[in-house]
Structures are given as C-alpha cells and as structure tokens.
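Undergrad: Data file model.pdb (PDB, C-alpha atoms) is appended below.
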```pdb
ATOM      1  CA  MET Q 322       2.098 -13.274   7.354  1.00  0.00           C
ATOM      2  CA  GLU Q 323      -0.137 -10.335   6.463  1.00  0.00           C
ATOM      3  CA  LEU Q 324       0.314 -10.861   2.725  1.00  0.00           C
ATOM      4  CA  ASP Q 325      -1.109 -14.374   3.049  1.00  0.00           C
ATOM      5  CA  CYS Q 326      -4.482 -12.770   3.725  1.00  0.00           C
ATOM      6  CA  ALA Q 327      -6.473 -11.632   0.682  1.00  0.00           C
ATOM      7  CA  ASN Q 328      -8.233  -8.946   2.711  1.00  0.00           C
ATOM      8  CA  SER Q 329      -5.152  -7.173   4.081  1.00  0.00           C
ATOM      9  CA  SER Q 330      -4.386  -3.540   3.313  1.00  0.00           C
ATOM     10  CA  ASP Q 331      -1.271  -4.659   1.397  1.00  0.00           C
ATOM     11  CA  ALA Q 332      -3.436  -6.947  -0.753  1.00  0.00           C
ATOM     12  CA  LEU Q 333      -5.811  -4.060  -1.479  1.00  0.00           C
ATOM     13  CA  LEU Q 334      -2.903  -1.995  -2.806  1.00  0.00           C
ATOM     14  CA  MET Q 335      -1.557  -4.975  -4.747  1.00  0.00           C
ATOM     15  CA  ASN Q 336      -4.894  -5.319  -6.528  1.00  0.00           C
ATOM     16  CA  ILE Q 337      -4.522  -1.736  -7.720  1.00  0.00           C
ATOM     17  CA  PHE Q 338      -0.793  -1.248  -8.296  1.00  0.00           C
ATOM     18  CA  CYS Q 339       0.298  -4.696  -9.486  1.00  0.00           C
ATOM     19  CA  TYR Q 340      -1.795  -4.219 -12.595  1.00  0.00           C
ATOM     20  CA  ARG Q 341       0.984  -3.551 -15.102  1.00  0.00           C
ATOM     21  CA  ARG Q 342      -0.560  -0.498 -16.724  1.00  0.00           C
ATOM     22  CA  SER Q 343      -1.521   1.325 -13.505  1.00  0.00           C
ATOM     23  CA  VAL Q 344       2.006   2.584 -12.730  1.00  0.00           C
ATOM     24  CA  ALA Q 345       2.453   3.519 -16.398  1.00  0.00           C
ATOM     25  CA  ASN Q 346      -0.791   5.539 -16.504  1.00  0.00           C
ATOM     26  CA  ASN Q 347       0.250   9.181 -16.842  1.00  0.00           C
ATOM     27  CA  ARG Q 348      -2.988  10.501 -15.331  1.00  0.00           C
ATOM     28  CA  LEU Q 349      -2.628   8.328 -12.229  1.00  0.00           C
ATOM     29  CA  THR Q 350       1.058   9.031 -11.708  1.00  0.00           C
ATOM     30  CA  ALA Q 351       0.513  12.784 -12.232  1.00  0.00           C
ATOM     31  CA  MET Q 352      -2.241  12.718  -9.607  1.00  0.00           C
ATOM     32  CA  LEU Q 353       0.117  10.916  -7.187  1.00  0.00           C
ATOM     33  CA  GLY Q 354       3.030  13.223  -8.055  1.00  0.00           C
ATOM     34  CA  ILE Q 355       5.387  10.418  -9.069  1.00  0.00           C
ATOM     35  CA  PRO Q 356       7.182   9.499 -12.304  1.00  0.00           C
ATOM     36  CA  SER Q 357       5.596   6.899 -14.554  1.00  0.00           C
ATOM     37  CA  GLY Q 358       6.795   3.280 -14.591  1.00  0.00           C
ATOM     38  CA  LEU Q 359       7.973   2.864 -10.982  1.00  0.00           C
ATOM     39  CA  THR Q 360       7.839  -0.546  -9.294  1.00  0.00           C
ATOM     40  CA  PRO Q 361       5.839  -0.628  -6.042  1.00  0.00           C
ATOM     41  CA  GLU Q 362       7.487  -2.049  -2.925  1.00  0.00           C
ATOM     42  CA  PHE Q 363       5.039  -3.643  -0.475  1.00  0.00           C
ATOM     43  CA  GLY Q 364       5.685  -4.029   3.261  1.00  0.00           C
ATOM     44  CA  PHE Q 365       8.386  -1.344   3.193  1.00  0.00           C
ATOM     45  CA  ARG Q 366      10.314  -0.832   6.441  1.00  0.00           C
ATOM     46  CA  PRO Q 367      11.794   2.695   6.426  1.00  0.00           C
ATOM     47  CA  GLY Q 368      13.982   2.141   9.515  1.00  0.00           C
ATOM     48  CA  VAL Q 369      13.227   5.464  11.198  1.00  0.00           C
ATOM     49  CA  PRO Q 370      16.008   6.275  13.696  1.00  0.00           C
ATOM     50  CA  LEU Q 371      14.898   6.900  17.286  1.00  0.00           C
ATOM     51  CA  ARG Q 372      16.511   9.211  19.864  1.00  0.00           C
ATOM     52  CA  ASP Q 373      17.911   6.299  21.845  1.00  0.00           C
ATOM     53  CA  GLY Q 374      19.856   5.070  18.799  1.00  0.00           C
ATOM     54  CA  LYS Q 375      17.476   2.218  18.029  1.00  0.00           C
ATOM     55  CA  VAL Q 376      15.478   1.942  14.811  1.00  0.00           C
ATOM     56  CA  ASP Q 377      11.667   2.004  14.652  1.00  0.00           C
ATOM     57  CA  ARG Q 378      10.192  -1.157  13.132  1.00  0.00           C
ATOM     58  CA  THR Q 379       7.227   0.584  11.494  1.00  0.00           C
ATOM     59  CA  GLU Q 380       6.003  -1.005   8.269  1.00  0.00           C
ATOM     60  CA  ILE Q 381       4.522   1.086   5.459  1.00  0.00           C
ATOM     61  CA  ASP Q 382       2.005  -0.729   3.217  1.00  0.00           C
ATOM     62  CA  MET Q 383       3.578   0.469  -0.045  1.00  0.00           C
ATOM     63  CA  LYS Q 384       6.447   2.614  -1.261  1.00  0.00           C
ATOM     64  CA  LEU Q 385       6.279   3.939  -4.809  1.00  0.00           C
ATOM     65  CA  GLY Q 386       9.311   6.100  -5.537  1.00  0.00           C
ATOM     66  CA  ASP Q 387       9.320   8.754  -2.793  1.00  0.00           C
ATOM     67  CA  LEU Q 388       5.599   8.224  -2.103  1.00  0.00           C
ATOM     68  CA  LEU Q 389       4.665   6.240   1.016  1.00  0.00           C
ATOM     69  CA  VAL Q 390       1.121   4.803   1.015  1.00  0.00           C
ATOM     70  CA  GLU Q 391      -0.813   3.433   3.982  1.00  0.00           C
ATOM     71  CA  ALA Q 392      -4.158   1.775   3.225  1.00  0.00           C
ATOM     72  CA  LYS Q 393      -6.949   1.112   5.712  1.00  0.00           C
ATOM     73  CA  LEU Q 394      -9.806  -1.328   5.347  1.00  0.00           C
ATOM     74  CA  THR Q 395     -12.803   0.129   7.156  1.00  0.00           C
ATOM     75  CA  GLU Q 396     -15.719  -1.494   5.366  1.00  0.00           C
ATOM     76  CA  THR Q 397     -17.844  -3.654   7.612  1.00  0.00           C
ATOM     77  CA  ARG Q 398     -17.788  -7.372   6.834  1.00  0.00           C
ATOM     78  CA  PHE Q 399     -15.068  -6.845   4.189  1.00  0.00           C
ATOM     79  CA  SER Q 400     -13.533 -10.237   4.943  1.00  0.00           C
ATOM     80  CA  ASN Q 401     -16.858 -11.957   4.254  1.00  0.00           C
ATOM     81  CA  GLY Q 402     -16.956 -10.562   0.725  1.00  0.00           C
ATOM     82  CA  ALA Q 403     -20.263  -8.864   1.436  1.00  0.00           C
ATOM     83  CA  LEU Q 404     -19.943  -5.138   1.864  1.00  0.00           C
ATOM     84  CA  SER Q 405     -22.512  -3.420   4.009  1.00  0.00           C
ATOM     85  CA  LYS Q 406     -24.927  -1.108   2.182  1.00  0.00           C
ATOM     86  CA  ASP Q 407     -25.306   1.111   5.255  1.00  0.00           C
TER      87      ASP Q 407
END
```
As a first step, turn the structure in this file into structure tokens.
TA:
Amino acid sequence: MELDCANSSDALLMNIFCYRRSVANNRLTAMLGIPSGLTPEFGFRPGVPLRDGKVDRTEIDMKLGDLLVEAKLTETRFSNGALSKD
C-alpha cells in the first residue's frame, strides 16, 4: 500500500497535518480557508460519478473539511533522504 512507504505524498501530508496543533492553528486554517480543529482524512475516494453511470476511482491524498489536497513529491533523490542542492 502507498501508506506503507515513508516517502509517499500521503506520508508527506501526514507529517504536516497529523501534528495535533497544526489543524488547531488559527493562522494555518485561515490561510487554508477551513475551520479550526478538523480531522484530516487520508486516501479519500470522492466517488465522482461518470456519464456512463459508473464511479471514478480517483484517490485524493487528503480531505480536510471541504478542502481537497493533492501533494506531489518532485525533489530528486527524495527517497534516498538526500535532497539535491541543484
């Protein structure tokens, strides 16, 4: 599973938003436009309906209230723990 990997985009968001005080920080929540104290939901599947009656299986990295967050890891050699200084 993706969450088993410490360098996944979900794990990046968990390192930020699972810190208890981050979702209670009024400055952060005001910047994100969400109420304080929400619980993040990781690996959220919104179930977007398609025209043919089926449901899209898209997964969103994190849902926080009405806010949907998708994170991308673009740093080179991120998984090696040594970020490039380029």
Undergrad: Using all atoms listed in the file, which residue out of Q:Leu389, Q:Leu359, Q:Val376, Q:Ile381 lies closest to Cys339 of chain Q?
TA: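 For Cys339 of chain Q, the nearest of the given residues is Q:Leu359.
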Undergrad: Selection in question (the file shown): the PyMOL selection byres ((chain Q and resi 331) around 8). Which residues does it include, as a CSV table (one decimal) with C-alpha atoms, in the frame of the given file?
TA:
```csv
chain,number,residue,atom,x,y,z
Q,323,GLU,CA,-0.1,-10.3,6.5
Q,324,LEU,CA,0.3,-10.9,2.7
Q,329,SER,CA,-5.2,-7.2,4.1
Q,330,SER,CA,-4.4,-3.5,3.3
Q,332,ALA,CA,-3.4,-6.9,-0.8
Q,333,LEU,CA,-5.8,-4.1,-1.5
Q,334,LEU,CA,-2.9,-2.0,-2.8
Q,335,MET,CA,-1.6,-5.0,-4.7
Q,363,PHE,CA,5.0,-3.6,-0.5
Q,364,GLY,CA,5.7,-4.0,3.3
Q,382,ASP,CA,2.0,-0.7,3.2
Q,383,MET,CA,3.6,0.5,0.0
Q,392,ALA,CA,-4.2,1.8,3.2
```
Undergrad: Identify, on the basis of all atoms listed in the file, every residue whose closest approach to segment 347-358 of chain Q does not exceed 10 Å; exclude the query and any residue fewer than 2 positions from it along the same chain; express the result as a list in words.
TA: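 Once the nearby chain positions are removed, what remains is Arg341, Arg342, Ser343, Val344, Ala345, Thr360, Pro361, Leu385, Gly386, Asp387 and Leu388 of chain Q.
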Undergrad: Could you state the separation of atom CA of Phe338 of chain Q and atom CA of Glu362 of chain Q in Å, given to one decimal place?
TA: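 Answer for the atom CA of Phe338 of chain Q to atom CA of Glu362 of chain Q separation: 9.9 Å.
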Undergrad: Just checking: using only C-alpha atoms, which residue out of Q:Phe365, Q:Asp377, Q:Tyr340, Q:Leu371 ends up closest to Glu391 of chain Q?
TA: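 For Glu391 of chain Q, the nearest of the candidates is Q:Phe365.
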Undergrad: For segment 354-368 of chain Q in the structure I just supplied, write out all heavy atoms - as a PDB file, in the first residue's frame.
TA:
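The result, written out as result17.pdb:
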```pdb
ATOM      1  N   GLY Q 354      -8.506  28.402   4.537  1.00  0.00           N
ATOM      2  CA  GLY Q 354      -9.933  28.676   4.403  1.00  0.00           C
ATOM      3  C   GLY Q 354     -10.822  27.602   4.985  1.00  0.00           C
ATOM      4  O   GLY Q 354     -11.894  27.306   4.460  1.00  0.00           O
ATOM      5  N   ILE Q 355     -10.371  26.993   6.083  1.00  0.00           N
ATOM      6  CA  ILE Q 355     -11.139  25.930   6.738  1.00  0.00           C
ATOM      7  C   ILE Q 355     -11.312  26.251   8.214  1.00  0.00           C
ATOM      8  O   ILE Q 355     -10.540  27.025   8.774  1.00  0.00           O
ATOM      9  CB  ILE Q 355     -10.446  24.556   6.584  1.00  0.00           C
ATOM     10  CG1 ILE Q 355      -9.040  24.596   7.193  1.00  0.00           C
ATOM     11  CG2 ILE Q 355     -10.401  24.126   5.133  1.00  0.00           C
ATOM     12  CD1 ILE Q 355      -8.374  23.264   7.312  1.00  0.00           C
ATOM     13  N   PRO Q 356     -12.304  25.667   8.875  1.00  0.00           N
ATOM     14  CA  PRO Q 356     -12.444  25.875  10.319  1.00  0.00           C
ATOM     15  C   PRO Q 356     -11.338  25.154  11.084  1.00  0.00           C
ATOM     16  O   PRO Q 356     -10.771  24.164  10.608  1.00  0.00           O
ATOM     17  CB  PRO Q 356     -13.807  25.270  10.651  1.00  0.00           C
ATOM     18  CG  PRO Q 356     -14.352  24.671   9.418  1.00  0.00           C
ATOM     19  CD  PRO Q 356     -13.396  24.913   8.302  1.00  0.00           C
ATOM     20  N   SER Q 357     -11.039  25.642  12.243  1.00  0.00           N
ATOM     21  CA  SER Q 357     -10.011  25.047  13.100  1.00  0.00           C
ATOM     22  C   SER Q 357     -10.493  23.730  13.703  1.00  0.00           C
ATOM     23  O   SER Q 357     -11.685  23.554  13.948  1.00  0.00           O
ATOM     24  CB  SER Q 357      -9.671  26.033  14.211  1.00  0.00           C
ATOM     25  OG  SER Q 357      -8.705  25.513  15.068  1.00  0.00           O
ATOM     26  N   GLY Q 358      -9.564  22.799  13.936  1.00  0.00           N
ATOM     27  CA  GLY Q 358      -9.862  21.573  14.664  1.00  0.00           C
ATOM     28  C   GLY Q 358     -10.403  20.412  13.855  1.00  0.00           C
ATOM     29  O   GLY Q 358     -10.836  19.423  14.424  1.00  0.00           O
ATOM     30  N   LEU Q 359     -10.383  20.502  12.525  1.00  0.00           N
ATOM     31  CA  LEU Q 359     -10.876  19.392  11.697  1.00  0.00           C
ATOM     32  C   LEU Q 359      -9.907  18.210  11.755  1.00  0.00           C
ATOM     33  O   LEU Q 359      -8.728  18.371  12.013  1.00  0.00           O
ATOM     34  CB  LEU Q 359     -11.031  19.845  10.247  1.00  0.00           C
ATOM     35  CG  LEU Q 359     -12.067  20.929   9.991  1.00  0.00           C
ATOM     36  CD1 LEU Q 359     -12.001  21.357   8.530  1.00  0.00           C
ATOM     37  CD2 LEU Q 359     -13.452  20.445  10.342  1.00  0.00           C
ATOM     38  N   THR Q 360     -10.413  17.026  11.463  1.00  0.00           N
ATOM     39  CA  THR Q 360      -9.580  15.824  11.398  1.00  0.00           C
ATOM     40  C   THR Q 360      -9.316  15.489   9.936  1.00  0.00           C
ATOM     41  O   THR Q 360     -10.264  15.320   9.161  1.00  0.00           O
ATOM     42  CB  THR Q 360     -10.297  14.639  12.074  1.00  0.00           C
ATOM     43  OG1 THR Q 360     -10.556  14.981  13.435  1.00  0.00           O
ATOM     44  CG2 THR Q 360      -9.443  13.385  12.013  1.00  0.00           C
ATOM     45  N   PRO Q 361      -8.035  15.402   9.539  1.00  0.00           N
ATOM     46  CA  PRO Q 361      -7.731  15.077   8.143  1.00  0.00           C
ATOM     47  C   PRO Q 361      -8.086  13.632   7.815  1.00  0.00           C
ATOM     48  O   PRO Q 361      -7.983  12.740   8.655  1.00  0.00           O
ATOM     49  CB  PRO Q 361      -6.221  15.306   8.039  1.00  0.00           C
ATOM     50  CG  PRO Q 361      -5.706  15.292   9.423  1.00  0.00           C
ATOM     51  CD  PRO Q 361      -6.838  15.627  10.339  1.00  0.00           C
ATOM     52  N   GLU Q 362      -8.527  13.427   6.579  1.00  0.00           N
ATOM     53  CA  GLU Q 362      -8.823  12.081   6.072  1.00  0.00           C
ATOM     54  C   GLU Q 362      -7.868  11.814   4.914  1.00  0.00           C
ATOM     55  O   GLU Q 362      -7.887  12.523   3.911  1.00  0.00           O
ATOM     56  CB  GLU Q 362     -10.271  12.007   5.604  1.00  0.00           C
ATOM     57  CG  GLU Q 362     -10.685  10.644   5.118  1.00  0.00           C
ATOM     58  CD  GLU Q 362     -12.142  10.607   4.672  1.00  0.00           C
ATOM     59  OE1 GLU Q 362     -12.921  11.499   5.025  1.00  0.00           O
ATOM     60  OE2 GLU Q 362     -12.482   9.651   3.948  1.00  0.00           O
ATOM     61  N   PHE Q 363      -7.017  10.807   5.050  1.00  0.00           N
ATOM     62  CA  PHE Q 363      -6.011  10.498   4.043  1.00  0.00           C
ATOM     63  C   PHE Q 363      -6.497   9.385   3.118  1.00  0.00           C
ATOM     64  O   PHE Q 363      -7.212   8.482   3.542  1.00  0.00           O
ATOM     65  CB  PHE Q 363      -4.697  10.098   4.716  1.00  0.00           C
ATOM     66  CG  PHE Q 363      -4.135  11.187   5.570  1.00  0.00           C
ATOM     67  CD1 PHE Q 363      -4.376  11.214   6.930  1.00  0.00           C
ATOM     68  CD2 PHE Q 363      -3.410  12.214   5.002  1.00  0.00           C
ATOM     69  CE1 PHE Q 363      -3.885  12.237   7.722  1.00  0.00           C
ATOM     70  CE2 PHE Q 363      -2.912  13.249   5.778  1.00  0.00           C
ATOM     71  CZ  PHE Q 363      -3.151  13.251   7.142  1.00  0.00           C
ATOM     72  N   GLY Q 364      -6.123   9.459   1.837  1.00  0.00           N
ATOM     73  CA  GLY Q 364      -6.540   8.460   0.866  1.00  0.00           C
ATOM     74  C   GLY Q 364      -8.028   8.522   0.597  1.00  0.00           C
ATOM     75  O   GLY Q 364      -8.686   7.499   0.438  1.00  0.00           O
ATOM     76  N   PHE Q 365      -8.569   9.727   0.531  1.00  0.00           N
ATOM     77  CA  PHE Q 365     -10.010   9.943   0.350  1.00  0.00           C
ATOM     78  C   PHE Q 365     -10.423   9.598  -1.078  1.00  0.00           C
ATOM     79  O   PHE Q 365      -9.789   9.996  -2.039  1.00  0.00           O
ATOM     80  CB  PHE Q 365     -10.346  11.406   0.653  1.00  0.00           C
ATOM     81  CG  PHE Q 365     -11.767  11.776   0.371  1.00  0.00           C
ATOM     82  CD1 PHE Q 365     -12.792  11.276   1.151  1.00  0.00           C
ATOM     83  CD2 PHE Q 365     -12.080  12.618  -0.680  1.00  0.00           C
ATOM     84  CE1 PHE Q 365     -14.113  11.623   0.899  1.00  0.00           C
ATOM     85  CE2 PHE Q 365     -13.395  12.970  -0.946  1.00  0.00           C
ATOM     86  CZ  PHE Q 365     -14.405  12.471  -0.151  1.00  0.00           C
ATOM     87  N   ARG Q 366     -11.489   8.827  -1.204  1.00  0.00           N
ATOM     88  CA  ARG Q 366     -12.046   8.468  -2.515  1.00  0.00           C
ATOM     89  C   ARG Q 366     -13.393   9.175  -2.669  1.00  0.00           C
ATOM     90  O   ARG Q 366     -14.383   8.754  -2.077  1.00  0.00           O
ATOM     91  CB  ARG Q 366     -12.217   6.959  -2.638  1.00  0.00           C
ATOM     92  CG  ARG Q 366     -10.884   6.234  -2.651  1.00  0.00           C
ATOM     93  CD  ARG Q 366     -11.087   4.764  -2.983  1.00  0.00           C
ATOM     94  NE  ARG Q 366      -9.833   4.064  -2.957  1.00  0.00           N
ATOM     95  CZ  ARG Q 366      -9.010   3.945  -3.986  1.00  0.00           C
ATOM     96  NH1 ARG Q 366      -9.309   4.498  -5.132  1.00  0.00           N
ATOM     97  NH2 ARG Q 366      -7.883   3.281  -3.881  1.00  0.00           N
ATOM     98  N   PRO Q 367     -13.432  10.255  -3.476  1.00  0.00           N
ATOM     99  CA  PRO Q 367     -14.671  11.038  -3.582  1.00  0.00           C
ATOM    100  C   PRO Q 367     -15.799  10.355  -4.337  1.00  0.00           C
ATOM    101  O   PRO Q 367     -16.949  10.754  -4.206  1.00  0.00           O
ATOM    102  CB  PRO Q 367     -14.223  12.306  -4.309  1.00  0.00           C
ATOM    103  CG  PRO Q 367     -13.012  11.899  -5.071  1.00  0.00           C
ATOM    104  CD  PRO Q 367     -12.352  10.825  -4.259  1.00  0.00           C
ATOM    105  N   GLY Q 368     -15.519   9.329  -5.138  1.00  0.00           N
ATOM    106  CA  GLY Q 368     -16.573   8.628  -5.865  1.00  0.00           C
ATOM    107  C   GLY Q 368     -17.277   9.515  -6.875  1.00  0.00           C
ATOM    108  O   GLY Q 368     -18.497   9.652  -6.844  1.00  0.00           O
TER     109      GLY Q 368
END
```
